[in-house]
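Trainee: The structure file my_file_35.tsv (TSV, C-alpha atoms) is provided below.
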chain	number	residue	atom	x	y	z
D	1	MET	CA	0.00	0.00	0.00
D	2	SER	CA	3.02	2.34	0.22
D	3	SER	CA	2.68	3.45	-3.41
D	4	ILE	CA	-0.99	4.32	-2.99
D	5	ALA	CA	-1.92	7.90	-2.16
D	6	THR	CA	-3.47	8.55	1.23
D	7	SER	CA	-6.07	10.98	-0.10
D	8	MET	CA	-7.93	11.52	-3.35
D	9	GLN	CA	-10.45	13.71	-5.11
D	10	ALA	CA	-13.93	12.24	-5.27
D	11	TRP	CA	-17.42	13.42	-6.15
D	12	ARG	CA	-19.79	13.08	-3.19
D	13	VAL	CA	-23.57	13.02	-2.96
D	14	PRO	CA	-24.67	14.33	0.47
D	15	ALA	CA	-28.39	14.42	-0.38
D	16	ALA	CA	-30.67	13.21	-3.16
D	17	GLY	CA	-31.28	15.63	-6.01
D	18	GLU	CA	-30.17	16.67	-9.46
D	19	PRO	CA	-26.42	16.09	-9.95
D	20	GLU	CA	-25.54	19.72	-10.64
D	21	GLN	CA	-27.39	20.81	-7.48
D	22	VAL	CA	-26.19	18.34	-4.88
D	23	MET	CA	-22.82	16.89	-5.90
D	24	ALA	CA	-19.53	18.28	-4.56
D	25	LEU	CA	-15.91	17.48	-5.42
D	26	GLN	CA	-14.04	16.77	-2.18
D	27	GLU	CA	-10.69	15.56	-0.90
D	28	LEU	CA	-11.22	12.25	0.87
D	29	PRO	CA	-9.12	9.45	2.39
D	30	VAL	CA	-8.48	6.56	0.01
D	31	PRO	CA	-10.87	3.72	0.95
D	32	GLN	CA	-9.58	0.33	2.07
D	33	PRO	CA	-10.80	-2.92	0.46
D	34	GLY	CA	-12.68	-5.22	2.82
D	35	PRO	CA	-12.94	-9.03	2.71
D	36	GLY	CA	-13.59	-10.24	-0.82
D	37	GLN	CA	-12.89	-6.77	-2.27
D	38	VAL	CA	-10.22	-5.06	-4.33
D	39	LEU	CA	-9.07	-1.46	-4.53
D	40	VAL	CA	-8.88	-0.20	-8.10
D	41	GLU	CA	-7.02	2.86	-9.33
D	42	VAL	CA	-9.51	4.33	-11.79
D	43	TRP	CA	-8.24	5.15	-15.26
D	44	ALA	CA	-11.57	5.62	-17.08
D	45	GLY	CA	-15.26	5.06	-16.48
D	46	ALA	CA	-18.41	5.63	-18.50
D	47	LEU	CA	-21.33	7.53	-17.03
D	48	ASN	CA	-24.60	5.62	-16.91
D	49	PHE	CA	-28.21	6.77	-16.65
D	50	ALA	CA	-28.32	4.62	-13.51
D	51	ASP	CA	-25.77	7.04	-12.00
D	52	VAL	CA	-28.26	9.85	-12.51
D	53	LEU	CA	-30.97	7.80	-10.83
D	54	LEU	CA	-28.60	7.02	-7.94
D	55	VAL	CA	-27.94	10.71	-7.35
D	56	ARG	CA	-31.66	11.47	-7.55
D	57	GLY	CA	-32.43	8.72	-5.04
D	58	GLN	CA	-34.54	6.90	-7.65
D	59	TYR	CA	-32.40	3.81	-8.26
D	60	GLN	CA	-33.60	0.40	-7.04
D	61	GLU	CA	-30.60	0.28	-4.69
D	62	ARG	CA	-29.77	3.24	-2.47
D	63	PRO	CA	-26.35	3.53	-0.87
D	64	ALA	CA	-26.07	5.33	2.43
D	65	LEU	CA	-25.43	9.08	2.18
D	66	PRO	CA	-22.97	10.54	1.49
D	67	PHE	CA	-21.62	8.35	-1.31
D	68	THR	CA	-19.48	8.49	-4.44
D	69	PRO	CA	-21.28	7.56	-7.69
D	70	GLY	CA	-19.80	6.05	-10.85
D	71	LEU	CA	-20.93	2.49	-11.46
D	72	GLU	CA	-18.31	1.14	-13.87
D	73	LEU	CA	-14.62	1.53	-14.52
D	74	CYS	CA	-11.45	0.48	-16.22
D	75	GLY	CA	-8.36	0.55	-14.07
D	76	VAL	CA	-5.71	-1.44	-12.26
D	77	ILE	CA	-6.01	-3.39	-9.02
D	78	VAL	CA	-3.65	-1.84	-6.49
D	79	ALA	CA	-4.67	-3.67	-3.30
D	80	THR	CA	-6.71	-6.68	-2.22
D	81	GLY	CA	-8.78	-7.45	0.84
D	82	ALA	CA	-8.88	-10.63	2.89
D	83	GLY	CA	-9.71	-13.72	0.89
D	84	VAL	CA	-8.53	-12.25	-2.44
D	85	SER	CA	-5.28	-13.41	-4.00
D	86	PRO	CA	-2.61	-10.70	-3.81
D	87	HIS	CA	-1.49	-11.90	-7.22
D	88	ARG	CA	-4.38	-9.88	-8.67
D	89	VAL	CA	-2.52	-6.66	-7.86
D	90	GLY	CA	-1.42	-5.12	-11.15
D	91	GLU	CA	-4.29	-6.68	-13.13
D	92	ARG	CA	-5.95	-4.30	-15.62
D	93	VAL	CA	-9.68	-4.77	-15.13
D	94	ILE	CA	-13.15	-3.57	-16.04
D	95	GLY	CA	-16.27	-4.05	-14.00
D	96	THR	CA	-18.68	-2.61	-11.49
D	97	VAL	CA	-18.05	-0.90	-8.18
D	98	THR	CA	-19.33	-1.53	-4.69
D	99	LEU	CA	-22.11	1.01	-4.26
D	100	GLY	CA	-20.94	4.00	-2.28
D	101	HIS	CA	-17.28	3.78	-3.31
D	102	GLY	CA	-17.77	4.60	-6.99
D	103	ALA	CA	-15.60	5.41	-9.96
D	104	LEU	CA	-15.99	9.20	-9.86
D	105	ALA	CA	-12.87	9.23	-7.72
D	106	ARG	CA	-9.21	8.34	-8.10
D	107	TYR	CA	-9.73	5.01	-6.33
D	108	ALA	CA	-12.80	2.78	-6.15
D	109	VAL	CA	-13.72	-0.36	-4.24
D	110	CYS	CA	-15.10	-3.39	-6.09
D	111	ALA	CA	-16.07	-6.92	-5.17
D	112	ALA	CA	-13.32	-9.15	-6.54
D	113	SER	CA	-16.01	-11.16	-8.36
D	114	ASP	CA	-17.29	-8.02	-10.12
D	115	VAL	CA	-14.10	-7.14	-12.02
D	116	PHE	CA	-12.72	-8.98	-15.04
D	117	GLU	CA	-9.63	-8.81	-17.20
D	118	ALA	CA	-9.93	-5.80	-19.50
D	119	PRO	CA	-10.03	-6.77	-23.19
D	120	PRO	CA	-6.43	-6.25	-24.40
D	121	GLY	CA	-7.64	-4.95	-27.76
D	122	LEU	CA	-9.43	-1.97	-26.24
D	123	ASP	CA	-7.84	1.17	-24.87
D	124	ASP	CA	-8.83	2.36	-21.39
D	125	VAL	CA	-11.51	4.74	-22.66
D	126	HIS	CA	-13.41	2.16	-24.70
D	127	ALA	CA	-12.82	-0.59	-22.14
D	128	GLY	CA	-14.31	1.70	-19.50
D	129	ALA	CA	-17.54	1.84	-21.52
D	130	LEU	CA	-17.86	-1.85	-22.36
D	131	HIS	CA	-19.17	-3.51	-19.25
D	132	ILE	CA	-22.63	-2.46	-18.06
D	133	ALA	CA	-24.24	-1.40	-21.34
D	134	TYR	CA	-22.99	-4.37	-23.34
D	135	GLN	CA	-23.73	-6.87	-20.58
D	136	THR	CA	-27.27	-5.45	-20.40
D	137	ALA	CA	-27.73	-5.67	-24.16
D	138	TRP	CA	-26.22	-9.18	-24.31
D	139	PHE	CA	-28.54	-10.52	-21.62
D	140	GLY	CA	-31.54	-8.72	-23.08
D	141	LEU	CA	-31.08	-9.88	-26.66
D	142	TYR	CA	-29.23	-13.18	-26.36
D	143	ARG	CA	-30.52	-14.52	-23.03
D	144	ARG	CA	-34.00	-13.11	-22.47
D	145	ALA	CA	-35.16	-12.68	-26.08
D	146	SER	CA	-33.19	-15.60	-27.58
D	147	LEU	CA	-32.51	-13.52	-30.68
D	148	ARG	CA	-32.20	-15.51	-33.91
D	149	VAL	CA	-30.46	-14.79	-37.20
D	150	GLY	CA	-32.63	-12.86	-39.64
D	151	GLU	CA	-35.11	-11.53	-37.09
D	152	HIS	CA	-36.10	-7.88	-37.03
D	153	VAL	CA	-35.10	-6.02	-33.85
D	154	LEU	CA	-36.51	-2.64	-32.86
D	155	VAL	CA	-34.11	-0.72	-30.58
D	156	HIS	CA	-35.43	2.38	-28.82
D	157	ALA	CA	-32.91	5.12	-27.99
D	158	ALA	CA	-30.60	3.47	-30.51
D	159	ALA	CA	-27.93	6.20	-30.22
D	160	GLY	CA	-27.86	6.12	-26.43
D	161	GLY	CA	-25.51	4.21	-24.15
D	162	VAL	CA	-27.29	0.88	-23.83
D	163	GLY	CA	-29.20	1.32	-27.10
D	164	SER	CA	-25.99	1.66	-29.12
D	165	ALA	CA	-24.68	-1.51	-27.50
D	166	ALA	CA	-27.90	-3.33	-28.41
D	167	VAL	CA	-27.62	-2.21	-32.03
D	168	GLN	CA	-24.08	-3.56	-32.36
D	169	LEU	CA	-24.88	-6.87	-30.67
D	170	ALA	CA	-28.02	-7.36	-32.76
D	171	VAL	CA	-26.05	-6.73	-35.94
D	172	ALA	CA	-23.34	-9.12	-34.75
D	173	ALA	CA	-26.04	-11.79	-34.28
D	174	GLY	CA	-27.23	-11.42	-37.86
D	175	ALA	CA	-30.44	-9.56	-37.07
D	176	LYS	CA	-32.02	-6.71	-39.04
D	177	VAL	CA	-32.03	-3.65	-36.82
D	178	ILE	CA	-34.49	-0.76	-36.79
D	179	GLY	CA	-33.27	2.04	-34.57
D	180	VAL	CA	-35.51	4.72	-33.07
D	181	VAL	CA	-33.88	8.05	-32.18
D	182	GLY	CA	-34.97	11.57	-31.30
D	183	SER	CA	-32.95	13.89	-33.52
D	184	PRO	CA	-31.15	14.07	-36.88
D	185	ALA	CA	-27.74	13.94	-35.15
D	186	LYS	CA	-28.74	10.78	-33.30
D	187	ALA	CA	-30.12	9.33	-36.53
D	188	GLU	CA	-26.72	9.74	-38.18
D	189	ALA	CA	-25.04	8.07	-35.19
D	190	ALA	CA	-27.47	5.14	-35.38
D	191	ARG	CA	-26.67	4.65	-39.06
D	192	ARG	CA	-22.96	4.56	-38.31
D	193	LEU	CA	-23.61	1.93	-35.64
D	194	GLY	CA	-25.08	-0.36	-38.28
D	195	CYS	CA	-28.85	0.10	-38.11
D	196	HIS	CA	-30.51	-1.14	-41.29
D	197	HIS	CA	-33.38	1.36	-40.84
D	198	VAL	CA	-33.42	4.49	-38.68
D	199	VAL	CA	-36.60	6.24	-37.51
D	200	ASP	CA	-36.41	9.78	-36.15
D	201	ARG	CA	-39.46	9.95	-33.88
D	202	SER	CA	-39.28	13.75	-33.85
D	203	THR	CA	-40.30	13.86	-37.51
D	204	THR	CA	-41.70	10.41	-38.39
D	205	ASP	CA	-44.53	8.20	-37.17
D	206	VAL	CA	-42.65	5.26	-35.64
D	207	ARG	CA	-45.46	2.73	-36.05
D	208	GLU	CA	-45.92	3.45	-39.73
D	209	ALA	CA	-42.17	3.44	-40.40
D	210	VAL	CA	-41.60	0.11	-38.63
D	211	LEU	CA	-44.49	-1.62	-40.37
D	212	HIS	CA	-43.29	-0.29	-43.72
D	213	ALA	CA	-39.74	-1.54	-43.06
D	214	THR	CA	-41.02	-5.02	-42.17
D	215	GLY	CA	-43.59	-5.37	-44.93
D	216	GLY	CA	-46.42	-5.05	-42.43
D	217	ARG	CA	-45.30	-8.02	-40.35
D	218	GLY	CA	-43.76	-6.14	-37.42
D	219	VAL	CA	-40.64	-6.95	-35.43
D	220	GLU	CA	-39.82	-10.17	-33.62
D	221	VAL	CA	-37.86	-8.45	-30.83
D	222	VAL	CA	-38.05	-5.05	-29.15
D	223	PHE	CA	-35.26	-3.73	-26.92
D	224	ASP	CA	-36.75	-0.96	-24.80
D	225	PRO	CA	-34.75	1.10	-22.28
D	226	VAL	CA	-37.25	3.98	-22.51
D	227	GLY	CA	-40.73	2.81	-21.43
D	228	GLY	CA	-43.74	5.11	-21.57
D	229	GLU	CA	-44.86	5.92	-25.11
D	230	ALA	CA	-42.07	3.77	-26.53
D	231	PHE	CA	-43.71	0.69	-25.04
D	232	GLU	CA	-47.07	1.67	-26.49
D	233	VAL	CA	-45.51	1.84	-29.94
D	234	SER	CA	-43.74	-1.46	-29.37
D	235	SER	CA	-46.98	-3.25	-28.55
D	236	ARG	CA	-48.43	-2.06	-31.85
D	237	VAL	CA	-45.54	-3.23	-34.02
D	238	ILE	CA	-44.63	-6.50	-32.31
D	239	ALA	CA	-44.99	-9.56	-34.53
D	240	PHE	CA	-46.74	-12.85	-33.74
D	241	GLU	CA	-44.82	-14.59	-30.92
D	242	GLY	CA	-42.60	-11.53	-30.61
D	243	ARG	CA	-40.67	-10.57	-27.48
D	244	ILE	CA	-40.54	-7.13	-25.86
D	245	VAL	CA	-37.58	-6.76	-23.49
D	246	LEU	CA	-38.06	-4.03	-20.88
D	247	VAL	CA	-34.66	-2.70	-19.79
D	248	GLY	CA	-35.52	0.60	-18.11
D	249	PHE	CA	-37.71	3.67	-18.06
D	250	ALA	CA	-35.46	6.51	-19.18
D	251	GLY	CA	-38.53	8.25	-20.61
D	252	GLY	CA	-39.71	8.88	-17.07
D	253	SER	CA	-42.97	6.90	-17.04
D	254	ILE	CA	-43.60	3.24	-16.35
D	255	PRO	CA	-46.04	1.65	-18.80
D	256	THR	CA	-49.08	-0.27	-17.57
D	257	PRO	CA	-49.73	-2.70	-20.43
D	258	GLY	CA	-53.10	-4.30	-20.97
D	259	LEU	CA	-52.25	-7.97	-20.66
D	260	ASN	CA	-55.28	-8.88	-22.75
D	261	HIS	CA	-53.43	-7.28	-25.65
D	262	ALA	CA	-50.42	-9.55	-25.11
D	263	LEU	CA	-52.81	-12.49	-25.04
D	264	VAL	CA	-54.64	-11.73	-28.27
D	265	LYS	CA	-51.40	-10.93	-30.15
D	266	ASN	CA	-49.37	-13.81	-28.70
D	267	TYR	CA	-46.35	-11.78	-27.62
D	268	SER	CA	-44.19	-11.89	-24.51
D	269	ILE	CA	-43.14	-9.07	-22.18
D	270	LEU	CA	-39.73	-9.85	-20.67
D	271	GLY	CA	-38.12	-7.93	-17.83
D	272	LEU	CA	-34.38	-7.48	-17.47
D	273	HIS	CA	-32.57	-6.39	-14.32
D	274	TRP	CA	-28.99	-7.21	-15.21
D	275	GLY	CA	-27.71	-6.68	-11.68
D	276	LEU	CA	-29.56	-9.76	-10.44
D	277	TYR	CA	-27.32	-11.99	-12.56
D	278	ARG	CA	-24.27	-10.80	-10.62
D	279	THR	CA	-25.53	-12.61	-7.51
D	280	ARG	CA	-27.79	-15.31	-8.95
D	281	SER	CA	-25.85	-16.45	-12.03
D	282	PRO	CA	-22.30	-15.04	-11.82
D	283	GLU	CA	-21.12	-17.76	-14.18
D	284	LEU	CA	-23.35	-16.26	-16.89
D	285	VAL	CA	-21.87	-12.81	-16.28
D	286	ALA	CA	-18.40	-14.31	-16.72
D	287	ARG	CA	-19.49	-16.11	-19.91
D	288	CYS	CA	-20.97	-12.87	-21.23
D	289	HIS	CA	-17.72	-11.04	-20.49
D	290	ALA	CA	-15.74	-13.66	-22.41
D	291	ASP	CA	-18.10	-13.34	-25.38
D	292	LEU	CA	-17.96	-9.55	-25.32
D	293	SER	CA	-14.16	-9.64	-25.13
D	294	ARG	CA	-14.09	-11.90	-28.18
D	295	LEU	CA	-16.43	-9.60	-30.08
D	296	ALA	CA	-14.40	-6.55	-29.06
D	297	SER	CA	-11.17	-8.19	-30.21
D	298	ALA	CA	-12.81	-8.90	-33.56
D	299	ARG	CA	-14.06	-5.28	-33.65
D	300	ALA	CA	-17.62	-6.58	-34.01
D	301	VAL	CA	-18.45	-4.25	-31.12
D	302	LEU	CA	-16.82	-0.99	-30.11
D	303	PRO	CA	-18.41	1.44	-27.64
D	304	LEU	CA	-19.59	4.68	-29.22
D	305	VAL	CA	-17.67	7.22	-27.12
D	306	SER	CA	-18.81	10.70	-28.03
D	307	GLU	CA	-16.95	12.61	-25.31
D	308	GLN	CA	-14.04	12.19	-22.92
D	309	LEU	CA	-14.46	14.25	-19.76
D	310	ARG	CA	-12.17	15.28	-16.93
D	311	LEU	CA	-13.21	14.28	-13.42
D	312	ALA	CA	-14.07	17.93	-12.71
D	313	ASP	CA	-16.58	17.89	-15.59
D	314	ALA	CA	-18.37	14.69	-14.57
D	315	VAL	CA	-21.33	16.49	-13.03
D	316	ASP	CA	-22.07	18.37	-16.22
D	317	GLY	CA	-21.94	15.06	-18.06
D	318	LEU	CA	-24.47	13.56	-15.64
D	319	ARG	CA	-26.72	16.59	-16.09
D	320	ARG	CA	-26.75	16.21	-19.87
D	321	LEU	CA	-27.18	12.45	-19.61
D	322	GLY	CA	-30.24	13.00	-17.43
D	323	GLU	CA	-31.65	15.43	-19.99
D	324	GLY	CA	-31.28	12.85	-22.75
D	325	SER	CA	-29.19	15.14	-24.93
D	326	THR	CA	-26.09	12.94	-25.19
D	327	ILE	CA	-25.05	10.50	-27.92
D	328	GLY	CA	-23.36	7.21	-27.10
D	329	ARG	CA	-21.15	7.17	-24.02
D	330	LEU	CA	-19.57	9.93	-21.97
D	331	VAL	CA	-16.37	8.60	-20.41
D	332	VAL	CA	-14.58	10.25	-17.50
D	333	VAL	CA	-10.82	9.88	-18.00
D	334	GLN	CA	-8.27	10.36	-15.22
D	335	GLY	CA	-4.66	11.11	-15.98
So that I can check it, write out the structure of this file as structure tokens.

Mentor:
Amino acid sequence: MSSIATSMQAWRVPAAGEPEQVMALQELPVPQPGPGQVLVEVWAGALNFADVLLVRGQYQERPALPFTPGLELCGVIVATGAGVSPHRVGERVIGTVTLGHGALARYAVCAASDVFEAPPGLDDVHAGALHIAYQTAWFGLYRRASLRVGEHVLVHAAAGGVGSAAVQLAVAAGAKVIGVVGSPAKAEAARRLGCHHVVDRSTTDVREAVLHATGGRGVEVVFDPVGGEAFEVSSRVIAFEGRIVLVGFAGGSIPTPGLNHALVKNYSILGLHWGLYRTRSPELVARCHADLSRLASARAVLPLVSEQLRLADAVDGLRRLGEGSTIGRLVVVQG
């Protein structure tokens, strides 16, 4: 531990609220890893919409106040707690943090089981954006929806963090991807990601565009991190025996579907809370990581990083992420 600093800069959340109103950059002691944990020197970490929800006090898990947000990272293990092999020190890793000791700091604490070898073919910035979004998309499309070659996939918020990951993984699986976005700039980003059809909902009727693109049949799979009106559209364009995967409610409202509609159209509504797999099926998380590393090495997937931010600018990034104005991933990089 002699080479590790004794203090560090870290963003703290003393009370729930909007990031720009409640977060403060402070000098704090470097945390110590407990049993089964590792201390990671943070090199890069993508901001997630879940970070915004954490700061607002709206996430399904709520760490004790005050806490440091930042759910995922790329960095190097610099110390291990009891029960963790000291041979892991020096390992370049990606993964998720222990809530409360997040990646918007120089050092973060992680469960040893929650960090994995960083793909050697990715630099720190792109590796720091690979884990949560791509794991979520992988489980949603490959595990929950059992996506098959040639199927049509509708991806809402296709130029967003998790949506862009879903587009790339659907294309890699041989599916035909229809991406829904909210602006011309996001439409261009979705095309670059590989969408076969792009629908700008700000100017085009999504239902009509999707039915036209599928010859009136509809889509076999919907990947929905938005909820609200997006789900209503999805239920109108889902094909016979289609699957709608609910990933989140970034649109702000939780849909209340009429289950009689699912019955008469023979479609399935599938929920996905990726975090549950970390405790209930960690072997699947490890298998997913291996698959994503293979795809990243083959350049079949590459996180869409639109901005690299300094730690001091992380709060502004969270503000814009919460507003829905960002494209792809915002990654906080520490020198």

Trainee: Please identify all polymer residues lying at most 12 Å from the point (-13.4, -0.7, 4.3) (file coordinates), using all atoms listed in the file, and present the result as a JSON list (two decimals) with C-alpha atoms, keeping the file's coordinate frame.

Mentor:
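In the end it all went to result_1.json:
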[["chain", "number", "residue", "atom", "x", "y", "z"],
["D", 29, "PRO", "CA", -9.12, 9.45, 2.39],
["D", 30, "VAL", "CA", -8.48, 6.56, 0.01],
["D", 31, "PRO", "CA", -10.87, 3.72, 0.95],
["D", 32, "GLN", "CA", -9.58, 0.33, 2.07],
["D", 33, "PRO", "CA", -10.80, -2.92, 0.46],
["D", 34, "GLY", "CA", -12.68, -5.22, 2.82],
["D", 35, "PRO", "CA", -12.94, -9.03, 2.71],
["D", 36, "GLY", "CA", -13.59, -10.24, -0.82],
["D", 37, "GLN", "CA", -12.89, -6.77, -2.27],
["D", 38, "VAL", "CA", -10.22, -5.06, -4.33],
["D", 39, "LEU", "CA", -9.07, -1.46, -4.53],
["D", 79, "ALA", "CA", -4.67, -3.67, -3.30],
["D", 80, "THR", "CA", -6.71, -6.68, -2.22],
["D", 81, "GLY", "CA", -8.78, -7.45, 0.84],
["D", 82, "ALA", "CA", -8.88, -10.63, 2.89],
["D", 98, "THR", "CA", -19.33, -1.53, -4.69],
["D", 100, "GLY", "CA", -20.94, 4.00, -2.28],
["D", 101, "HIS", "CA", -17.28, 3.78, -3.31],
["D", 108, "ALA", "CA", -12.80, 2.78, -6.15],
["D", 109, "VAL", "CA", -13.72, -0.36, -4.24],
["D", 110, "CYS", "CA", -15.10, -3.39, -6.09],
["D", 111, "ALA", "CA", -16.07, -6.92, -5.17]]

Trainee: Here is a test: counting all atoms listed in the file, which residue of D:Ala209, D:Leu130, D:Leu330, D:Leu28 is nearest to Leu311 (chain D)?

Mentor: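 Selected residue with least distance to Leu311 (chain D): D:Leu330.
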
Trainee: How far is it from CA of Ser202 (chain D) to CA of Leu259 (chain D), in Å with one decimal?

Mentor: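 Answer for the CA of Ser202 (chain D) to CA of Leu259 (chain D) separation: 28.5 Å.
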
Trainee: Go through D:Val245, D:Leu211, D:Leu25, D:Val219 one by one, measure the shortest atom-to-atom distance of each to Arg143 (chain D) using all atoms listed in the file, and give the residue with the smallest value.

Mentor: D:Val245

Trainee: Would you be able to write out as a PyMOL selection string which residues have an atom within 7 Å of (-27.9, 3.4, -22.5) in the file's coordinates, counting all atoms listed in the file?

Mentor: chain D and resi 48-49+133+160-163

Trainee: Listing only residues of region 151-195 of chain D within 12 Å of region 224-230 of chain D, what is the closest atom pair and its distance in Å (to one decimal) for each, using all atoms listed in the file, sorted by chain and residue number ascending, as JSON lines?

Mentor:
{"residue": "D:Val153", "atom": "CA", "partner": "D:Asp224", "partner_atom": "CA", "distance": 10.5}
{"residue": "D:Leu154", "atom": "CA", "partner": "D:Asp224", "partner_atom": "CA", "distance": 8.2}
{"residue": "D:Val155", "atom": "CA", "partner": "D:Asp224", "partner_atom": "CA", "distance": 6.4}
{"residue": "D:His156", "atom": "CA", "partner": "D:Asp224", "partner_atom": "CA", "distance": 5.4}
{"residue": "D:Ala157", "atom": "CA", "partner": "D:Val226", "partner_atom": "CA", "distance": 7.1}
{"residue": "D:Ala158", "atom": "CA", "partner": "D:Asp224", "partner_atom": "CA", "distance": 9.5}
{"residue": "D:Ala159", "atom": "CA", "partner": "D:Pro225", "partner_atom": "CA", "distance": 11.6}
{"residue": "D:Gly160", "atom": "CA", "partner": "D:Pro225", "partner_atom": "CA", "distance": 9.5}
{"residue": "D:Gly161", "atom": "CA", "partner": "D:Pro225", "partner_atom": "CA", "distance": 9.9}
{"residue": "D:Val162", "atom": "CA", "partner": "D:Pro225", "partner_atom": "CA", "distance": 7.6}
{"residue": "D:Gly163", "atom": "CA", "partner": "D:Pro225", "partner_atom": "CA", "distance": 7.4}
{"residue": "D:Ser164", "atom": "CA", "partner": "D:Pro225", "partner_atom": "CA", "distance": 11.1}
{"residue": "D:Ala165", "atom": "CA", "partner": "D:Pro225", "partner_atom": "CA", "distance": 11.6}
{"residue": "D:Ala166", "atom": "CA", "partner": "D:Asp224", "partner_atom": "CA", "distance": 9.8}
{"residue": "D:Val167", "atom": "CA", "partner": "D:Asp224", "partner_atom": "CA", "distance": 11.7}
{"residue": "D:Gly179", "atom": "CA", "partner": "D:Asp224", "partner_atom": "CA", "distance": 10.8}
{"residue": "D:Val180", "atom": "CA", "partner": "D:Ala230", "partner_atom": "CA", "distance": 9.3}
{"residue": "D:Val181", "atom": "CA", "partner": "D:Ala230", "partner_atom": "CA", "distance": 10.8}
{"residue": "D:Gly182", "atom": "CA", "partner": "D:Ala230", "partner_atom": "CA", "distance": 11.6}

Trainee: Take the residues from that selection and put them in a file with C-alpha atoms, as a PDB file, in the coordinates of the input.

Mentor:
ATOM      1  CA  VAL D 153     -35.100  -6.020 -33.850  1.00  0.00           C
ATOM      2  CA  LEU D 154     -36.510  -2.640 -32.860  1.00  0.00           C
ATOM      3  CA  VAL D 155     -34.110  -0.720 -30.580  1.00  0.00           C
ATOM      4  CA  HIS D 156     -35.430   2.380 -28.820  1.00  0.00           C
ATOM      5  CA  ALA D 157     -32.910   5.120 -27.990  1.00  0.00           C
ATOM      6  CA  ALA D 158     -30.600   3.470 -30.510  1.00  0.00           C
ATOM      7  CA  ALA D 159     -27.930   6.200 -30.220  1.00  0.00           C
ATOM      8  CA  GLY D 160     -27.860   6.120 -26.430  1.00  0.00           C
ATOM      9  CA  GLY D 161     -25.510   4.210 -24.150  1.00  0.00           C
ATOM     10  CA  VAL D 162     -27.290   0.880 -23.830  1.00  0.00           C
ATOM     11  CA  GLY D 163     -29.200   1.320 -27.100  1.00  0.00           C
ATOM     12  CA  SER D 164     -25.990   1.660 -29.120  1.00  0.00           C
ATOM     13  CA  ALA D 165     -24.680  -1.510 -27.500  1.00  0.00           C
ATOM     14  CA  ALA D 166     -27.900  -3.330 -28.410  1.00  0.00           C
ATOM     15  CA  VAL D 167     -27.620  -2.210 -32.030  1.00  0.00           C
ATOM     16  CA  GLY D 179     -33.270   2.040 -34.570  1.00  0.00           C
ATOM     17  CA  VAL D 180     -35.510   4.720 -33.070  1.00  0.00           C
ATOM     18  CA  VAL D 181     -33.880   8.050 -32.180  1.00  0.00           C
ATOM     19  CA  GLY D 182     -34.970  11.570 -31.300  1.00  0.00           C
TER      20      GLY D 182
END

Trainee: Got a sec: who's within 7 Å of Glu220 (chain D), counting only C-alpha atoms, leaving out chain neighbours fewer than 5 positions off, as number ranges by chain?

Mentor: D: 151-153, 238-239, 242-243

Trainee: Can you check which parts of region 44-67 of chain D lie within 12 Å of region 272-285 of chain D? Per residue, the shortest pair of atoms and distance in Å to one decimal, counting only C-alpha atoms, sorted by chain and number, as CSV.

Mentor:
residue,atom,partner,partner_atom,distance
D:Ala50,CA,D:Gly275,CA,11.5
D:Tyr59,CA,D:His273,CA,11.9
D:Gln60,CA,D:His273,CA,10.0
D:Glu61,CA,D:Gly275,CA,10.3

Trainee: What's around Gln21 (chain D) at 12 Å? Count all atoms listed in the file, leave out sequence neighbours fewer than 6 positions away in its own chain, and write the answer as number ranges by chain.

Mentor: D: 12-15, 55-56, 315-316, 318-319

Trainee: Mind pulling up the distance from CA of Leu104 (chain D) to CA of Ser7 (chain D)?

Mentor: 14.0 Å

Trainee: Work out how far apart CA of Ala145 (chain D) and CA of Gln168 (chain D) are and give it in Å to one decimal.

Mentor: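 Computing it gives 15.7 Å between the two atoms.
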
Trainee: Using all atoms listed in the file for the distances, tell me which of D:Leu147, D:Val78, D:Ala137, D:Leu54 is nearest to Ser3 (chain D).

Mentor: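 Using all atoms listed in the file, Ser3 (chain D) sits closest to D:Val78.
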
Trainee: Calculated over only C-alpha atoms, which of the candidates D:Arg62, D:Leu304, D:Leu99, D:Ala129 has the smallest distance to Cys74 (chain D)?

Mentor: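 The answer is D:Ala129, which sits nearest to Cys74 (chain D).
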
Trainee: Nearest to Trp43 (chain D) among D:Asp124, D:Glu20, D:Glu307, D:Glu91, with distances taken over all atoms listed in the file: which residue is it?

Mentor: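 When distances to Trp43 (chain D) are compared using all atoms listed in the file, the smallest one comes from D:Asp124.
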
Trainee: So which one's closest to Ser325 (chain D), D:Asp51, D:Arg217, D:Ser85, D:Ser183? Using only C-alpha atoms, please.

Mentor: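 Answer, going by the shortest atom-to-atom distance: D:Ser183.
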
Trainee: List the spatial neighbours of Ser293 (chain D) as a ChimeraX atom specification - criterion: any atom at most 9 Å away, only C-alpha atoms, same-chain residues fewer than 5 positions off excluded.

Mentor: /D:118-121,288,298

Trainee: Residues near Arg92 (chain D), anyone? I mean within 7 Å using all atoms listed in the file, not counting same-chain ones fewer than 3 positions away, as a VMD selection string.

Mentor: chain D and resid 75 to 77 117 to 118

Trainee: Can you pull out the residues contacting Val333 (chain D)? Cut-off 8 Å, using only C-alpha atoms, and skip same-chain residues under 2 positions away; I want them as a list in words.

Mentor: Trp43, Ala44, Gly45, Val125, Gln308, Leu309, Arg310, Leu311, Val331 and Gly335 of chain D
